[in-house]
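Engineer: protein12.txt (compact mmCIF, C-alpha atoms and all ligand atoms) pasted underneath:
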# COMPACT_ATOMS: atom_id res chain seq x y z
CA MET A 1 5.94 20.46 27.88
CA THR A 2 3.09 18.29 29.13
CA SER A 3 1.60 15.99 26.52
CA VAL A 4 -2.07 15.02 26.67
CA ALA A 5 -3.18 11.39 26.83
CA VAL A 6 -4.19 10.52 23.26
CA ASP A 7 -7.41 8.58 22.90
CA GLN A 8 -7.22 6.05 20.02
CA THR A 9 -10.65 6.92 18.63
CA GLU A 10 -9.77 10.61 18.63
CA PHE A 11 -6.39 9.82 17.03
CA ARG A 12 -8.11 7.96 14.17
CA SER A 13 -10.72 10.68 13.78
CA VAL A 14 -8.22 13.56 13.67
CA LEU A 15 -5.75 11.74 11.39
CA GLY A 16 -8.67 10.75 9.14
CA HIS A 17 -8.81 14.40 8.03
CA PHE A 18 -5.66 13.77 6.02
CA CYS A 19 -6.94 12.76 2.60
CA THR A 20 -4.90 10.14 0.74
CA GLY A 21 -5.06 7.82 -2.21
CA VAL A 22 -5.21 4.06 -1.69
CA THR A 23 -2.53 1.57 -2.69
CA VAL A 24 -2.22 -2.18 -2.56
CA VAL A 25 1.26 -3.33 -1.59
CA THR A 26 1.91 -6.74 -3.13
CA GLY A 27 4.60 -9.38 -2.89
CA ARG A 28 5.23 -12.92 -3.98
CA ASP A 29 6.99 -15.48 -1.79
CA GLY A 30 7.46 -18.39 -4.18
CA ASP A 31 3.98 -19.35 -5.36
CA THR A 32 2.31 -17.53 -2.47
CA LEU A 33 0.85 -14.16 -3.38
CA ALA A 34 0.47 -11.43 -0.78
CA GLY A 35 -1.20 -8.05 -0.85
CA PHE A 36 -2.89 -5.60 1.49
CA ALA A 37 -4.65 -2.24 1.16
CA CYS A 38 -2.23 0.45 2.29
CA GLN A 39 -2.75 4.15 2.87
CA SER A 40 0.62 4.78 4.51
CA PHE A 41 2.60 5.09 1.30
CA ALA A 42 4.86 8.01 0.49
CA ALA A 43 7.61 9.09 -1.84
CA LEU A 44 10.80 9.38 0.24
CA SER A 45 13.80 10.27 -1.91
CA LEU A 46 14.49 11.24 -5.52
CA ASP A 47 18.22 10.40 -5.58
CA PRO A 48 18.37 7.54 -4.86
CA PRO A 49 14.72 6.84 -5.74
CA LEU A 50 13.11 5.58 -2.53
CA VAL A 51 9.53 5.09 -1.32
CA LEU A 52 8.10 3.90 1.99
CA PHE A 53 5.05 2.17 3.42
CA CYS A 54 4.02 1.13 6.92
CA PRO A 55 2.57 -2.35 7.56
CA GLY A 56 1.07 -3.05 10.99
CA ASN A 57 2.34 -5.74 13.34
CA THR A 58 -0.84 -7.75 12.75
CA SER A 59 -0.48 -7.83 8.97
CA SER A 60 -0.22 -11.39 7.69
CA SER A 61 0.92 -10.17 4.26
CA TRP A 62 3.92 -8.24 5.54
CA PRO A 63 6.00 -11.29 6.68
CA ARG A 64 5.54 -12.81 3.20
CA ILE A 65 6.48 -9.57 1.46
CA HIS A 66 9.47 -9.22 3.80
CA ALA A 67 10.58 -12.77 2.99
CA ALA A 68 10.40 -12.01 -0.73
CA GLY A 69 12.60 -8.93 -0.25
CA VAL A 70 10.72 -7.10 -2.98
CA PHE A 71 7.31 -5.45 -3.32
CA CYS A 72 5.12 -3.52 -5.70
CA VAL A 73 3.00 -0.51 -4.78
CA ASN A 74 -0.22 -0.49 -6.85
CA ILE A 75 -2.03 2.87 -6.87
CA LEU A 76 -5.75 2.20 -7.21
CA GLY A 77 -8.19 3.98 -9.49
CA ASP A 78 -11.78 4.86 -8.53
CA HIS A 79 -12.98 1.80 -10.47
CA GLN A 80 -11.11 -0.49 -8.04
CA LEU A 81 -13.09 -0.22 -4.80
CA ALA A 82 -13.78 -3.97 -4.91
CA VAL A 83 -10.04 -4.66 -5.21
CA CYS A 84 -9.40 -2.36 -2.26
CA LYS A 85 -12.00 -4.12 -0.13
CA VAL A 86 -10.71 -7.63 -0.78
CA MET A 87 -7.12 -6.49 -0.16
CA ALA A 88 -8.23 -4.89 3.13
CA SER A 89 -9.79 -8.20 4.22
CA LYS A 90 -8.34 -11.40 5.68
CA ASP A 91 -9.58 -13.47 2.71
CA PRO A 92 -7.11 -16.38 2.33
CA ASP A 93 -7.29 -16.09 -1.47
CA LYS A 94 -7.32 -12.34 -2.14
CA PHE A 95 -6.17 -12.75 -5.75
CA ALA A 96 -8.95 -15.19 -6.77
CA ASN A 97 -10.74 -12.48 -8.80
CA VAL A 98 -7.89 -10.02 -9.30
CA GLY A 99 -5.88 -10.03 -12.52
CA TRP A 100 -2.16 -9.30 -12.36
CA SER A 101 1.14 -9.57 -14.17
CA THR A 102 4.76 -9.03 -13.20
CA LYS A 103 7.49 -6.56 -14.11
CA VAL A 104 11.11 -6.69 -12.87
CA THR A 105 10.79 -7.84 -9.23
CA GLY A 106 8.15 -10.51 -9.84
CA SER A 107 5.72 -8.85 -7.40
CA PRO A 108 2.11 -8.70 -8.66
CA VAL A 109 1.23 -5.61 -10.68
CA ILE A 110 -2.56 -5.49 -10.47
CA ASP A 111 -4.41 -5.02 -13.77
CA ASP A 112 -5.74 -1.54 -14.57
CA VAL A 113 -4.07 0.33 -11.70
CA LEU A 114 -3.39 4.06 -12.09
CA ALA A 115 0.32 3.53 -11.44
CA TRP A 116 2.74 0.93 -10.09
CA ILE A 117 6.14 1.12 -8.40
CA ASP A 118 8.28 -2.04 -8.27
CA CYS A 119 10.81 -2.01 -5.42
CA THR A 120 13.52 -3.84 -3.49
CA ILE A 121 13.40 -3.58 0.30
CA THR A 122 16.44 -1.67 1.58
CA GLU A 123 15.55 -0.99 5.21
CA VAL A 124 12.92 -1.91 7.82
CA LEU A 125 12.53 0.34 10.86
CA GLU A 126 10.30 -0.02 13.91
CA GLY A 127 7.53 2.52 14.36
CA GLY A 128 5.36 1.74 17.37
CA ASP A 129 2.85 -0.93 16.35
CA HIS A 130 3.88 -0.61 12.69
CA HIS A 131 7.07 -1.03 10.67
CA ILE A 132 8.48 1.59 8.31
CA VAL A 133 9.60 -0.17 5.14
CA ILE A 134 11.91 1.65 2.75
CA GLY A 135 12.22 0.42 -0.81
CA ARG A 136 14.44 1.31 -3.72
CA VAL A 137 12.50 1.84 -6.94
CA GLU A 138 13.52 -0.66 -9.63
CA ASP A 139 10.84 0.08 -12.22
CA LEU A 140 7.61 2.06 -12.41
CA GLY A 141 4.83 3.09 -14.74
CA PHE A 142 1.40 4.67 -15.03
CA ALA A 143 -1.81 4.44 -17.04
CA ASP A 144 -2.72 7.00 -19.68
CA SER A 145 -6.03 7.87 -18.03
CA GLY A 146 -8.12 7.35 -14.93
CA HIS A 147 -8.89 8.94 -11.56
CA PRO A 148 -7.69 7.96 -8.09
CA LEU A 149 -9.61 6.15 -5.39
CA VAL A 150 -9.57 8.57 -2.46
CA PHE A 151 -9.74 7.76 1.28
CA TYR A 152 -10.97 10.47 3.64
CA LYS A 153 -12.48 10.36 7.14
CA GLY A 154 -12.78 6.58 6.93
CA GLY A 155 -14.75 6.63 3.66
CA TYR A 156 -14.06 6.41 -0.06
CA GLY A 157 -14.49 9.12 -2.64
CA ILE A 158 -13.44 10.10 -6.11
CA TYR A 159 -11.37 12.99 -7.36
CA ASP A 160 -12.48 14.18 -10.76
CA ALA A 161 -10.05 16.89 -11.89
C1 LIG A 201 -7.95 2.49 2.89
C2 LIG A 201 -7.17 1.55 3.76
C3 LIG A 201 -5.87 1.84 4.10
C4 LIG A 201 -5.11 0.96 4.88
N1 LIG A 201 -3.81 1.28 5.17
C5 LIG A 201 -3.06 0.42 5.91
C6 LIG A 201 -1.70 0.71 6.19
O1 LIG A 201 -1.17 1.74 5.79
N2 LIG A 201 -1.00 -0.19 6.91
C7 LIG A 201 -1.56 -1.35 7.37
O2 LIG A 201 -0.87 -2.14 8.02
N3 LIG A 201 -2.85 -1.64 7.13
C8 LIG A 201 -3.60 -0.80 6.40
N4 LIG A 201 -4.91 -1.08 6.13
C9 LIG A 201 -5.49 -2.28 6.74
C10 LIG A 201 -5.11 -3.55 6.00
O3 LIG A 201 -5.37 -3.47 4.60
C11 LIG A 201 -5.93 -4.71 6.61
O4 LIG A 201 -5.61 -4.80 7.99
C12 LIG A 201 -5.70 -6.03 5.93
O5 LIG A 201 -6.62 -6.97 6.47
C13 LIG A 201 -4.34 -6.59 6.19
O6 LIG A 201 -4.29 -7.82 5.51
P1 LIG A 201 -3.12 -8.84 5.76
O7 LIG A 201 -3.35 -9.46 7.09
O8 LIG A 201 -3.25 -9.80 4.60
O9 LIG A 201 -1.85 -8.07 5.71
C14 LIG A 201 -5.69 -0.23 5.37
C15 LIG A 201 -7.02 -0.53 5.03
C16 LIG A 201 -7.74 0.35 4.24
C17 LIG A 201 -9.16 0.00 3.90
Show this structure as structure tokens.
Structural biologist:
Amino acid sequence: MTSVAVDQTEFRSVLGHFCTGVTVVTGRDGDTLAGFACQSFAALSLDPPLVLFCPGNTSSSWPRIHAAGVFCVNILGDHQLAVCKVMASKDPDKFANVGWSTKVTGSPVIDDVLAWIDCTITEVLEGGDHHIVIGRVEDLGFADSGHPLVFYKGGYGIYDA
């Protein structure tokens, strides 16, 4: 088999056809809060309950989350585009205007998210220019109502079922 040379722009464009929700993966290393917008989240295993996400090598939040050993996946609603944008930025104080609380791991659970999954890191694998982080679910919950923030072809949308 001969593989074609994959152009990065084409890679992004083709993969952008896979529609996902948007999460913010958060952590807390002592008093330092960390969080970044993250599309590469997936359920991995039911028994034991595992999830995964993939932080890039250039993420400044990931080393802090790694040091904490725990993280929370916050699934954003369509009312949280501003939260998404600040968490996708390099703002040194991303939580300045974001309310949060904690559950079992102490990682920030962002106010008014659609759902949250509190986890302990069990494994970190290498995946090219990203890591693959596997976490065991310690606690989780969801809101009674709301619609997801959707990411598709590099833009945001809403899903109104
Ligand atoms: C919708 C969306 C999804 C993203 N998904 C990821 C992801 O899965 N992994 C990742 O490393 N960065 C992802 N990013 C980019 C990071 O959020 C962005 O690089 C951020 O600045 C990283 O911040 P940090 O340096 O504090 O970690 C995504 C950004 C957006 C807007």
Engineer: Which one of A:Pro92, A:Pro55, A:Gly27, A:Pro49 sits closest to ligand LIG 201 (chain A) if you count only C-alpha atoms and all ligand atoms?
Structural biologist: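 Of A:Pro92, A:Pro55, A:Gly27, A:Pro49, the one nearest ligand LIG 201 (chain A) is A:Pro55, counting only C-alpha atoms and all ligand atoms.
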Engineer: Can you tell me how far atom O2 of ligand LIG 201 (chain A) sits from CA of Val51 (chain A), in Å to one decimal?
Structural biologist: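 Spanning atom O2 of ligand LIG 201 (chain A) to CA of Val51 (chain A) is a straight-line distance of 15.7 Å.
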Engineer: Per residue of chain A within 6 Å of ligand LIG 201 (chain A), note the shortest atom pair and the distance in Å to one decimal, counting all atoms listed in the file, and order the rows by chain and increasing residue number, as a tab-separated table.
Structural biologist:
residue	atom	partner	partner_atom	distance
A:Val22	CA	A:LIG201	C1	5.6
A:Phe36	CA	A:LIG201	O3	4.5
A:Ala37	CA	A:LIG201	O3	3.7
A:Cys38	CA	A:LIG201	N1	3.4
A:Gln39	CA	A:LIG201	N1	3.8
A:Ser40	CA	A:LIG201	O1	3.8
A:Cys54	CA	A:LIG201	N2	5.2
A:Pro55	CA	A:LIG201	O2	3.5
A:Gly56	CA	A:LIG201	O2	3.7
A:Ser59	CA	A:LIG201	O9	3.5
A:Ser60	CA	A:LIG201	O7	3.7
A:Ser61	CA	A:LIG201	O9	3.8
A:Trp62	CA	A:LIG201	O9	5.8
A:Met87	CA	A:LIG201	O3	5.9
A:Ala88	CA	A:LIG201	O3	3.5
A:Ser89	CA	A:LIG201	O5	4.1
A:Lys90	CA	A:LIG201	O5	4.8
A:Phe151	CA	A:LIG201	C1	5.8
Engineer: Could you check which of A:His17, A:His147, A:Arg12, A:Lys153 is closest to Leu76 (chain A), using all atoms listed in the file?
Structural biologist: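 Residue with the minimum atom-to-atom distance to Leu76 (chain A): A:His147.
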Engineer: Kindly indicate which residue among A:Cys19, A:Val6, A:Leu46, A:Val86 lies nearest to Pro148 (chain A), using all atoms listed in the file for the distances.
Structural biologist: A:Cys19
Engineer: Distance CA of Leu15 (chain A)-CA of Gly155 (chain A), one decimal place?
Structural biologist: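 Distance between the two atoms: 12.9 Å.
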Engineer: Neighbouring residues of Gly127 (chain A) were defined as those with any atom within 12 Å, considering all atoms listed in the file; residues of the same chain fewer than 2 positions away were excluded. Please report them as a compact mmCIF listing (two decimals) with C-alpha atoms, in the frame of the given file.
Structural biologist:
# COMPACT_ATOMS: atom_id res chain seq x y z
CA PHE A 53 5.05 2.17 3.42
CA CYS A 54 4.02 1.13 6.92
CA PRO A 55 2.57 -2.35 7.56
CA GLY A 56 1.07 -3.05 10.99
CA ASN A 57 2.34 -5.74 13.34
CA VAL A 124 12.92 -1.91 7.82
CA LEU A 125 12.53 0.34 10.86
CA ASP A 129 2.85 -0.93 16.35
CA HIS A 130 3.88 -0.61 12.69
CA HIS A 131 7.07 -1.03 10.67
CA ILE A 132 8.48 1.59 8.31
CA VAL A 133 9.60 -0.17 5.14
Engineer: Taking all atoms listed in the file into account, name the residue in A:Tyr159, A:Phe95, A:Trp116, A:Phe11 that is nearest to Leu140 (chain A).
Structural biologist: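 Under the stated criterion, the closest residue is A:Trp116.
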Engineer: Calculated over all atoms listed in the file, which of the candidates A:Ala68, A:Gly77, A:Ser3, A:Lys103 has the smallest distance to Gly30 (chain A)?
Structural biologist: A:Ala68
Engineer: Go through A:Leu149, A:Val25, A:Ala42, A:Ile110 one by one, measure the shortest atom-to-atom distance of each to Val73 (chain A) using all atoms listed in the file, and give the residue with the smallest value.
Structural biologist: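 For Val73 (chain A), the nearest of the candidates is A:Val25.
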Engineer: In Å, how far is it from CA of Phe142 (chain A) to CA of Pro63 (chain A)?
Structural biologist: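 It comes out at 27.3 Å.
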Engineer: Find the spatial neighbours of Val109 (chain A), counting only C-alpha atoms, within a cut-off of 9 Å - ignore same-chain residues fewer than 5 positions away - and output them as an NGL selection string.
Structural biologist: :A and (26 or 72-74 or 99-103 or 116-118)
